[in-house]
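Enquirer: So I've got this file, protein.pdb, and it contains PDB, C-alpha atoms:
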```
MODEL        1
ATOM      1  CA  MET A   6      12.410 -99.510  93.305
ATOM      2  CA  GLU A   7      10.621-102.088  95.441
ATOM      3  CA  LEU A   8      10.374-101.208  99.098
ATOM      4  CA  GLY A   9      11.523-103.718 101.698
ATOM      5  CA  ALA A  10       8.975-105.416 103.922
ATOM      6  CA  GLY A  11      10.251-103.507 106.943
ATOM      7  CA  SER A  12      10.017-100.020 105.471
ATOM      8  CA  PRO A  13       7.582 -97.379 106.807
ATOM      9  CA  ALA A  14       5.929 -97.268 103.393
ATOM     10  CA  ALA A  15       5.343-101.026 103.389
ATOM     11  CA  TYR A  16       3.888-100.880 106.875
ATOM     12  CA  ALA A  17       1.640 -97.989 105.930
ATOM     13  CA  ALA A  18       0.350 -99.818 102.896
ATOM     14  CA  GLY A  19      -0.380-102.911 104.966
ATOM     15  CA  ARG A  20      -2.223-100.989 107.652
ATOM     16  CA  MET A  21      -4.307 -99.134 105.102
ATOM     17  CA  ARG A  22      -5.383-102.337 103.393
ATOM     18  CA  ASN A  23      -6.394-103.905 106.709
ATOM     19  CA  ASN A  24      -8.160-100.899 108.230
ATOM     20  CA  THR A  25     -11.855-100.941 107.345
ATOM     21  CA  ARG A  26     -12.213 -97.223 107.996
ATOM     22  CA  LEU A  27      -9.106 -95.978 106.192
ATOM     23  CA  LYS A  28      -8.339 -97.940 103.066
ATOM     24  CA  ARG A  29      -5.927 -97.387 100.234
ATOM     25  CA  PRO A  30      -7.035 -98.769  96.872
ATOM     26  CA  GLY A  31      -5.283-101.854  95.581
ATOM     27  CA  LYS A  32      -2.868-101.688  92.680
ATOM     28  CA  THR A  33      -5.555-102.700  90.214
ATOM     29  CA  ARG A  34      -7.644 -99.641  90.977
ATOM     30  CA  LYS A  35      -6.759 -96.227  89.659
ATOM     31  CA  VAL A  36      -5.978 -93.897  92.555
ATOM     32  CA  SER A  37      -7.042 -90.279  92.320
ATOM     33  CA  LYS A  38      -4.201 -87.923  93.237
ATOM     34  CA  LEU A  39      -3.443 -84.246  92.907
ATOM     35  CA  THR A  40      -0.498 -82.600  91.231
ATOM     36  CA  ARG A  41       1.765 -80.540  93.456
ATOM     37  CA  MET A  42       0.182 -77.341  92.175
ATOM     38  CA  GLN A  43      -3.345 -78.688  92.661
ATOM     39  CA  LEU A  44      -2.520 -79.707  96.232
ATOM     40  CA  ALA A  45      -1.062 -76.266  96.963
ATOM     41  CA  GLU A  46      -4.165 -74.565  95.548
ATOM     42  CA  TRP A  47      -6.477 -76.817  97.547
ATOM     43  CA  LEU A  48      -4.546 -76.135 100.755
ATOM     44  CA  ASP A  49      -4.753 -72.400 100.097
ATOM     45  CA  SER A  50      -8.528 -72.660  99.629
ATOM     46  CA  LEU A  51      -9.249 -74.209 103.033
ATOM     47  CA  HIS A  52     -10.970 -72.271 105.813
ATOM     48  CA  PRO A  53      -9.513 -72.083 108.331
ATOM     49  CA  PRO A  54      -6.135 -72.179 106.541
ATOM     50  CA  ALA A  55      -4.259 -75.468 106.641
ATOM     51  CA  ALA A  56      -0.556 -76.177 106.463
ATOM     52  CA  SER A  57       1.269 -75.063 103.341
ATOM     53  CA  LEU A  58       2.852 -77.424 100.826
ATOM     54  CA  SER A  59       6.319 -76.734 102.235
ATOM     55  CA  GLN A  60       5.126 -77.294 105.821
ATOM     56  CA  ILE A  61       3.598 -80.620 104.847
ATOM     57  CA  ASP A  62       6.829 -81.652 103.113
ATOM     58  CA  GLY A  63       8.834 -80.876 106.235
ATOM     59  CA  TYR A  64       6.269 -82.769 108.296
ATOM     60  CA  LEU A  65       6.432 -85.869 106.083
ATOM     61  CA  THR A  66      10.224 -85.735 105.989
ATOM     62  CA  ALA A  67      10.486 -85.725 109.780
ATOM     63  CA  LEU A  68       8.051 -88.650 109.953
ATOM     64  CA  VAL A  69      10.189 -90.704 107.596
ATOM     65  CA  VAL A  70      13.445 -90.090 109.506
ATOM     66  CA  SER A  71      11.851 -90.184 112.980
ATOM     67  CA  PRO A  72      13.425 -92.493 115.583
ATOM     68  CA  ARG A  73       9.958 -94.000 116.126
ATOM     69  CA  PHE A  74       7.614 -95.062 113.346
ATOM     70  CA  ILE A  75       4.186 -93.400 113.435
ATOM     71  CA  PRO A  76       1.269 -95.113 111.637
ATOM     72  CA  PRO A  77      -0.403 -92.930 108.974
ATOM     73  CA  GLU A  78      -3.739 -92.887 110.790
ATOM     74  CA  ASP A  79      -1.898 -91.204 113.696
ATOM     75  CA  TRP A  80      -0.093 -88.532 111.674
ATOM     76  CA  LEU A  81      -2.782 -87.575 109.150
ATOM     77  CA  LYS A  82      -5.195 -86.030 111.648
ATOM     78  CA  PRO A  83      -2.730 -83.581 113.264
ATOM     79  CA  ILE A  84      -1.789 -82.035 109.920
ATOM     80  CA  LEU A  85      -5.096 -82.155 107.978
ATOM     81  CA  GLY A  86      -7.803 -83.246 110.394
ATOM     82  CA  ASP A  87     -10.556 -85.872 110.398
ATOM     83  CA  GLN A  88     -12.136 -84.626 107.176
ATOM     84  CA  VAL A  89      -9.123 -85.803 105.188
ATOM     85  CA  THR A  90      -8.164 -88.756 107.386
ATOM     86  CA  TRP A  91     -11.484 -90.544 106.929
ATOM     87  CA  ALA A  92     -12.551 -89.111 103.563
ATOM     88  CA  ASN A  93     -14.331 -91.412 101.104
ATOM     89  CA  GLU A  94     -12.559 -92.274  97.879
ATOM     90  CA  GLY A  95     -13.545 -90.075  94.982
ATOM     91  CA  THR A  96     -13.562 -86.863  97.045
ATOM     92  CA  ILE A  97     -11.022 -84.065  96.834
ATOM     93  CA  GLU A  98     -10.071 -84.802 100.443
ATOM     94  CA  ALA A  99      -9.254 -88.429  99.562
ATOM     95  CA  ALA A 100      -7.220 -87.257  96.580
ATOM     96  CA  ALA A 101      -5.249 -84.964  98.899
ATOM     97  CA  ARG A 102      -4.709 -87.858 101.311
ATOM     98  CA  ASN A 103      -3.482 -90.115  98.511
ATOM     99  CA  THR A 104      -1.102 -87.399  97.367
ATOM    100  CA  LEU A 105       0.391 -87.187 100.863
ATOM    101  CA  PHE A 106       0.822 -90.967 100.918
ATOM    102  CA  GLN A 107       2.562 -90.763  97.559
ATOM    103  CA  ARG A 108       5.004 -88.093  98.756
ATOM    104  CA  TYR A 109       5.611 -89.936 102.032
ATOM    105  CA  ASN A 110       6.486 -93.112 100.127
ATOM    106  CA  GLU A 111       8.608 -91.158  97.667
ATOM    107  CA  ILE A 112      10.677 -89.628 100.472
ATOM    108  CA  GLY A 113      11.147 -93.036 102.108
ATOM    109  CA  ALA A 114      12.111 -94.736  98.858
ATOM    110  CA  THR A 115      14.580 -91.997  97.957
ATOM    111  CA  LEU A 116      16.276 -92.045 101.350
ATOM    112  CA  SER A 117      16.432 -95.844 101.237
ATOM    113  CA  GLY A 118      18.591 -95.770  98.119
ATOM    114  CA  GLY A 119      16.313 -94.624  95.322
ATOM    115  CA  PRO A 120      17.745 -93.517  91.992
ATOM    116  CA  ARG A 121      17.210 -89.833  92.774
ATOM    117  CA  ARG A 122      18.492 -87.808  95.693
ATOM    118  CA  TYR A 123      16.129 -86.466  98.314
ATOM    119  CA  ALA A 124      14.977 -82.946  97.430
ATOM    120  CA  PRO A 125      12.897 -80.950  99.931
ATOM    121  CA  ILE A 126      10.121 -78.575  98.870
ATOM    122  CA  PHE A 127      11.117 -75.042  99.838
ATOM    123  CA  MET A 128       9.393 -71.748  99.209
ATOM    124  CA  ARG A 129      11.091 -69.107  97.038
ATOM    125  CA  THR A 130      10.546 -65.403  96.702
ATOM    126  CA  ASP A 131       9.982 -63.777  93.307
ATOM    127  CA  GLU A 132      13.666 -62.815  93.434
ATOM    128  CA  GLY A 133      14.691 -66.452  93.902
ATOM    129  CA  GLU A 134      15.566 -66.306  97.607
ATOM    130  CA  VAL A 135      15.060 -69.694  99.285
ATOM    131  CA  LEU A 136      12.842 -69.678 102.375
ATOM    132  CA  ILE A 137      12.767 -72.753 104.586
ATOM    133  CA  ASP A 138      10.845 -71.437 107.602
ATOM    134  CA  GLU A 139       7.646 -73.256 106.640
ATOM    135  CA  PHE A 140       9.525 -76.502 105.958
ATOM    136  CA  ALA A 141      11.234 -76.173 109.351
ATOM    137  CA  ASP A 142       7.917 -75.517 111.108
ATOM    138  CA  GLY A 143       6.428 -78.667 109.578
ATOM    139  CA  PHE A 144       9.519 -80.693 110.459
ATOM    140  CA  TYR A 145       9.372 -79.598 114.094
ATOM    141  CA  PHE A 146       5.612 -80.195 114.265
ATOM    142  CA  ALA A 147       6.214 -83.845 113.331
ATOM    143  CA  MET A 148       9.106 -84.110 115.788
ATOM    144  CA  ARG A 149       6.776 -83.046 118.595
ATOM    145  CA  LEU A 150       4.607 -86.121 117.977
ATOM    146  CA  THR A 151       7.437 -88.292 119.337
ATOM    147  CA  ILE A 152       9.633 -85.688 121.026
ATOM    148  CA  ASP A 153      10.639 -88.030 123.867
ATOM    149  CA  ASP A 154      12.127 -90.411 121.289
ATOM    150  CA  TRP A 155      13.980 -87.518 119.649
ATOM    151  CA  GLN A 156      15.497 -86.139 122.861
ATOM    152  CA  PRO A 157      18.482 -88.530 123.152
ATOM    153  CA  PHE A 158      19.446 -87.813 119.555
ATOM    154  CA  ILE A 159      19.028 -84.062 119.915
ATOM    155  CA  ALA A 160      21.413 -84.276 122.888
ATOM    156  CA  ASN A 161      24.014 -85.926 120.656
ATOM    157  CA  PRO A 162      26.349 -83.061 119.627
ATOM    158  CA  GLU A 163      26.745 -84.243 116.041
ATOM    159  CA  ILE A 164      23.023 -84.689 115.439
ATOM    160  CA  GLY A 165      22.023 -81.643 117.468
ATOM    161  CA  MET A 166      24.350 -79.355 115.509
ATOM    162  CA  ALA A 167      23.168 -80.778 112.197
ATOM    163  CA  LEU A 168      19.535 -80.188 113.159
ATOM    164  CA  ILE A 169      20.256 -76.467 113.542
ATOM    165  CA  ALA A 170      20.306 -76.253 109.736
ATOM    166  CA  ILE A 171      16.567 -77.010 109.878
ATOM    167  CA  LEU A 172      15.340 -76.060 113.346
ATOM    168  CA  GLY A 173      17.275 -72.799 113.306
ATOM    169  CA  HIS A 174      14.604 -71.574 110.878
ATOM    170  CA  CYS A 175      11.623 -72.818 112.916
ATOM    171  CA  THR A 176       9.310 -69.941 113.850
ATOM    172  CA  THR A 177       7.336 -71.953 116.406
ATOM    173  CA  MET A 178      10.367 -72.650 118.620
ATOM    174  CA  ILE A 179      11.714 -69.101 118.702
ATOM    175  CA  SER A 180      10.648 -65.951 116.898
ATOM    176  CA  PRO A 181      12.779 -64.583 114.020
ATOM    177  CA  ASP A 182      13.594 -61.462 116.046
ATOM    178  CA  GLU A 183      14.741 -63.514 119.045
ATOM    179  CA  ARG A 184      16.805 -65.738 116.774
ATOM    180  CA  LEU A 185      18.557 -62.777 115.164
ATOM    181  CA  ALA A 186      19.260 -61.229 118.573
ATOM    182  CA  LEU A 187      21.084 -64.390 119.649
ATOM    183  CA  MET A 188      23.224 -64.728 116.526
ATOM    184  CA  ASN A 189      26.245 -62.853 115.270
ATOM    185  CA  PRO A 190      26.433 -61.724 111.609
ATOM    186  CA  GLU A 191      28.486 -64.757 110.614
ATOM    187  CA  GLY A 192      25.988 -67.138 112.164
ATOM    188  CA  THR A 193      23.105 -65.351 110.520
ATOM    189  CA  GLN A 194      24.721 -65.746 107.111
ATOM    190  CA  LEU A 195      25.458 -69.415 107.731
ATOM    191  CA  LEU A 196      21.823 -69.982 108.675
ATOM    192  CA  ALA A 197      20.645 -68.139 105.567
ATOM    193  CA  ASP A 198      22.655 -70.559 103.428
ATOM    194  CA  SER A 199      21.815 -73.688 105.449
ATOM    195  CA  TRP A 200      19.075 -74.744 103.013
ATOM    196  CA  ARG A 201      21.870 -76.054 100.804
ATOM    197  CA  ILE A 202      22.819 -78.765 103.302
ATOM    198  CA  VAL A 203      19.306 -79.811 104.360
ATOM    199  CA  PRO A 204      19.341 -82.840 101.989
ATOM    200  CA  ASP A 205      22.621 -83.980 103.613
ATOM    201  CA  VAL A 206      21.173 -83.505 107.099
ATOM    202  CA  VAL A 207      18.016 -85.458 106.252
ATOM    203  CA  GLU A 208      20.010 -88.307 104.709
ATOM    204  CA  MET A 209      22.265 -88.427 107.783
ATOM    205  CA  LEU A 210      19.259 -88.514 110.125
ATOM    206  CA  HIS A 211      17.616 -91.301 108.135
ATOM    207  CA  ALA A 212      20.752 -93.427 108.282
ATOM    208  CA  THR A 213      21.629 -92.662 111.917
ATOM    209  CA  LEU A 214      18.160 -93.098 113.381
ATOM    210  CA  ALA A 215      17.220 -96.134 111.285
ATOM    211  CA  GLY A 216      18.118 -98.606 114.019
ATOM    212  CA  SER A 217      15.670 -96.956 116.418
ATOM    213  CA  ARG A 218      12.618 -97.304 114.193
ATOM    214  CA  ASN A 219      10.612-100.338 115.283
ATOM    215  CA  ILE A 220       8.288-101.349 112.450
ATOM    216  CA  GLU A 221       5.891-104.248 112.774
ATOM    217  CA  ILE A 222       4.050-105.638 109.785
ATOM    218  CA  GLN A 223       0.408-106.438 110.545
TER
ENDMDL
END
```
Could you render the structure from this file as structure tokens?
Expert:
Amino acid sequence: MELGAGSPAAYAAGRMRNNTRLKRPGKTRKVSKLTRMQLAEWLDSLHPPAASLSQIDGYLTALVVSPRFIPPEDWLKPILGDQVTWANEGTIEAAARNTLFQRYNEIGATLSGGPRRYAPIFMRTDEGEVLIDEFADGFYFAMRLTIDDWQPFIANPEIGMALIAILGHCTTMISPDERLALMNPEGTQLLADSWRIVPDVVEMLHATLAGSRNIEIQ
């Protein structure tokens, strides 16, 4: 699917081509990327530890649906630091950066009407239990970059209630023990099953907040 000129992915590509310090290779050049497993292993190997794969996916998802567009050079550093943001091509850091760009574009293309439905990356236990705390932490971390732009939408009852499916799992807003103390058994069970509706929530946010994103092509 070809992205429209006004999409975040198109803007990102344009900025990367024009930025002498942070360039993305042209289509004629083979881009080095990592598989999902390779990226997860590389993240696990960093000292100090970096965000997990699920946290990064939540982070990228919130960036795509955000009410205000954030250029890649502004969101790369908070999640992976300068070493990745300004890495030279051919390094493992550049490959990790390219992989994040790829996932970012994939999320945007899917939410804009791609052939496949948006599917978040969640953690699972060995028993198959779905854990979305790390995804939620990454999502909220990205929200904080433009929290003032989010506030009016969070105050909207429909959007605010829908966001609970994600932010209700966030460990950086409120601890798990505090969250459980505030909820009744029925609410706790609903929250445990809320991972099932996260794709619906993300698609709703992308459609509802689309008019607020101001994207300029440079």
Enquirer: Apply the PyMOL selection byres ((chain A and resi 126) around 7) to the structure shown and report the selected residues as a list in words.
Expert: Ser59, Asp62, Ala124, Pro125, Phe127 and Met128 of chain A
Enquirer: So, counting only C-alpha atoms, which residue among A:Thr177, A:Leu195, A:Phe158, A:Ala101 is closest to A:Val70?
Expert: A:Phe158
Enquirer: Between A:Ala197, A:Leu172, A:Val69, A:Ile164, which is the closest to A:Leu116 once you count all atoms listed in the file?
Expert: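 Closest candidate: A:Val69.
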Enquirer: Would you kindly translate the PyMOL selection byres ((chain A and resi 48) around 12) into the concrete residues it picks from this file, as JSON, numbers by chain?
Expert: {"A": [39, 41, 42, 43, 44, 45, 46, 47, 49, 50, 51, 52, 53, 54, 55, 56, 57, 58, 59, 60, 61, 84, 85, 89, 97, 98, 101, 102]}
Enquirer: Atom CA of A:Cys175 and atom CA of A:Asp138, how far apart in Å?
Expert: 5.5 Å
Enquirer: Rank A:Glu94, A:Asp142, A:Glu132, A:Glu208 by their smallest atom-to-atom distance to A:Gly113, using only C-alpha atoms, and report the top residue only.
Expert: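 Checking each of A:Glu94, A:Asp142, A:Glu132, A:Glu208 against A:Gly113, counting only C-alpha atoms, the winner is A:Glu208.
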Enquirer: Of the candidates A:Leu196, A:Met166, A:Met178, A:Ala114, which one gets nearest to A:Gly143 if we count all atoms listed in the file?
Expert: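 So, comparing all the options, the nearest one is A:Met178.
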Enquirer: Just how far from atom CA of A:Ala167 is atom CA of A:Val206, in Å to one decimal?
Expert: 6.1 Å
Enquirer: Quick one, how far is atom CA of A:Ile171 from atom CA of A:Ala100?
Expert: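 Atom CA of A:Ala100 lies at a distance of 29.1 Å from atom CA of A:Ile171.
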Enquirer: Might you pull out every residue within 6 Å of stretch 72-82 of chain A, with only C-alpha atoms counted and same-chain residues fewer than 2 positions away left off, and present them as a ChimeraX atom specification?
Expert: /A:84-87,90,214,217-218
Enquirer: Just C-alpha atoms for this one: save the residues we selected as a compact mmCIF listing (two decimals), in the frame of the given file.
Expert:
```
# COMPACT_ATOMS: atom_id res chain seq x y z
CA ILE A 84 -1.79 -82.04 109.92
CA LEU A 85 -5.10 -82.16 107.98
CA GLY A 86 -7.80 -83.25 110.39
CA ASP A 87 -10.56 -85.87 110.40
CA THR A 90 -8.16 -88.76 107.39
CA LEU A 214 18.16 -93.10 113.38
CA SER A 217 15.67 -96.96 116.42
CA ARG A 218 12.62 -97.30 114.19
```
Enquirer: Hey, could you patch up stretch 64-88 of chain A with N, CA and C atoms and hand it over as a PDB file, in the coordinates of the input?
Expert:
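Okay, selection.pdb is ready:
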```pdb
ATOM      1  N   TYR A  64       6.963 -81.850 107.392  1.00  0.00           N
ATOM      2  CA  TYR A  64       6.269 -82.769 108.296  1.00  0.00           C
ATOM      3  C   TYR A  64       6.485 -84.213 107.864  1.00  0.00           C
ATOM      4  N   LEU A  65       6.262 -84.506 106.592  1.00  0.00           N
ATOM      5  CA  LEU A  65       6.432 -85.869 106.083  1.00  0.00           C
ATOM      6  C   LEU A  65       7.884 -86.314 106.176  1.00  0.00           C
ATOM      7  N   THR A  66       8.801 -85.395 105.922  1.00  0.00           N
ATOM      8  CA  THR A  66      10.224 -85.735 105.989  1.00  0.00           C
ATOM      9  C   THR A  66      10.617 -86.142 107.400  1.00  0.00           C
ATOM     10  N   ALA A  67      10.169 -85.381 108.389  1.00  0.00           N
ATOM     11  CA  ALA A  67      10.486 -85.725 109.780  1.00  0.00           C
ATOM     12  C   ALA A  67       9.864 -87.056 110.181  1.00  0.00           C
ATOM     13  N   LEU A  68       8.690 -87.362 109.665  1.00  0.00           N
ATOM     14  CA  LEU A  68       8.051 -88.650 109.953  1.00  0.00           C
ATOM     15  C   LEU A  68       8.890 -89.808 109.416  1.00  0.00           C
ATOM     16  N   VAL A  69       9.410 -89.634 108.223  1.00  0.00           N
ATOM     17  CA  VAL A  69      10.189 -90.704 107.596  1.00  0.00           C
ATOM     18  C   VAL A  69      11.486 -90.958 108.354  1.00  0.00           C
ATOM     19  N   VAL A  70      12.159 -89.908 108.830  1.00  0.00           N
ATOM     20  CA  VAL A  70      13.445 -90.090 109.506  1.00  0.00           C
ATOM     21  C   VAL A  70      13.297 -90.240 111.021  1.00  0.00           C
ATOM     22  N   SER A  71      12.089 -90.144 111.535  1.00  0.00           N
ATOM     23  CA  SER A  71      11.851 -90.184 112.980  1.00  0.00           C
ATOM     24  C   SER A  71      12.443 -91.433 113.629  1.00  0.00           C
ATOM     25  N   PRO A  72      12.920 -91.312 114.879  1.00  0.00           N
ATOM     26  CA  PRO A  72      13.425 -92.493 115.583  1.00  0.00           C
ATOM     27  C   PRO A  72      12.328 -93.488 115.950  1.00  0.00           C
ATOM     28  N   ARG A  73      11.067 -93.071 115.874  1.00  0.00           N
ATOM     29  CA  ARG A  73       9.958 -94.000 116.126  1.00  0.00           C
ATOM     30  C   ARG A  73       8.952 -93.896 114.997  1.00  0.00           C
ATOM     31  N   PHE A  74       8.583 -95.034 114.430  1.00  0.00           N
ATOM     32  CA  PHE A  74       7.614 -95.062 113.346  1.00  0.00           C
ATOM     33  C   PHE A  74       6.228 -94.671 113.851  1.00  0.00           C
ATOM     34  N   ILE A  75       5.536 -93.837 113.086  1.00  0.00           N
ATOM     35  CA  ILE A  75       4.186 -93.400 113.435  1.00  0.00           C
ATOM     36  C   ILE A  75       3.236 -93.866 112.341  1.00  0.00           C
ATOM     37  N   PRO A  76       2.210 -94.653 112.661  1.00  0.00           N
ATOM     38  CA  PRO A  76       1.269 -95.113 111.637  1.00  0.00           C
ATOM     39  C   PRO A  76       0.563 -93.927 110.979  1.00  0.00           C
ATOM     40  N   PRO A  77       0.244 -94.034 109.692  1.00  0.00           N
ATOM     41  CA  PRO A  77      -0.403 -92.930 108.974  1.00  0.00           C
ATOM     42  C   PRO A  77      -1.683 -92.430 109.616  1.00  0.00           C
ATOM     43  N   GLU A  78      -2.492 -93.339 110.186  1.00  0.00           N
ATOM     44  CA  GLU A  78      -3.739 -92.887 110.790  1.00  0.00           C
ATOM     45  C   GLU A  78      -3.480 -92.004 112.015  1.00  0.00           C
ATOM     46  N   ASP A  79      -2.246 -92.042 112.548  1.00  0.00           N
ATOM     47  CA  ASP A  79      -1.898 -91.204 113.696  1.00  0.00           C
ATOM     48  C   ASP A  79      -1.279 -89.871 113.281  1.00  0.00           C
ATOM     49  N   TRP A  80      -0.697 -89.803 112.072  1.00  0.00           N
ATOM     50  CA  TRP A  80      -0.093 -88.532 111.674  1.00  0.00           C
ATOM     51  C   TRP A  80      -0.934 -87.718 110.686  1.00  0.00           C
ATOM     52  N   LEU A  81      -1.945 -88.330 110.075  1.00  0.00           N
ATOM     53  CA  LEU A  81      -2.782 -87.575 109.150  1.00  0.00           C
ATOM     54  C   LEU A  81      -3.642 -86.535 109.867  1.00  0.00           C
ATOM     55  N   LYS A  82      -4.266 -86.934 110.958  1.00  0.00           N
ATOM     56  CA  LYS A  82      -5.195 -86.030 111.648  1.00  0.00           C
ATOM     57  C   LYS A  82      -4.519 -84.754 112.149  1.00  0.00           C
ATOM     58  N   PRO A  83      -3.333 -84.817 112.770  1.00  0.00           N
ATOM     59  CA  PRO A  83      -2.730 -83.581 113.264  1.00  0.00           C
ATOM     60  C   PRO A  83      -2.449 -82.546 112.173  1.00  0.00           C
ATOM     61  N   ILE A  84      -2.159 -82.995 110.963  1.00  0.00           N
ATOM     62  CA  ILE A  84      -1.789 -82.035 109.920  1.00  0.00           C
ATOM     63  C   ILE A  84      -2.969 -81.604 109.059  1.00  0.00           C
ATOM     64  N   LEU A  85      -3.973 -82.506 108.847  1.00  0.00           N
ATOM     65  CA  LEU A  85      -5.096 -82.155 107.978  1.00  0.00           C
ATOM     66  C   LEU A  85      -6.470 -82.474 108.549  1.00  0.00           C
ATOM     67  N   GLY A  86      -6.524 -83.069 109.726  1.00  0.00           N
ATOM     68  CA  GLY A  86      -7.803 -83.246 110.394  1.00  0.00           C
ATOM     69  C   GLY A  86      -8.583 -84.479 109.964  1.00  0.00           C
ATOM     70  N   ASP A  87      -9.713 -84.700 110.646  1.00  0.00           N
ATOM     71  CA  ASP A  87     -10.556 -85.872 110.398  1.00  0.00           C
ATOM     72  C   ASP A  87     -11.153 -85.878 108.997  1.00  0.00           C
ATOM     73  N   GLN A  88     -11.460 -84.691 108.473  1.00  0.00           N
ATOM     74  CA  GLN A  88     -12.136 -84.626 107.176  1.00  0.00           C
ATOM     75  C   GLN A  88     -11.318 -85.290 106.080  1.00  0.00           C
TER      76      GLN A  88
END
```
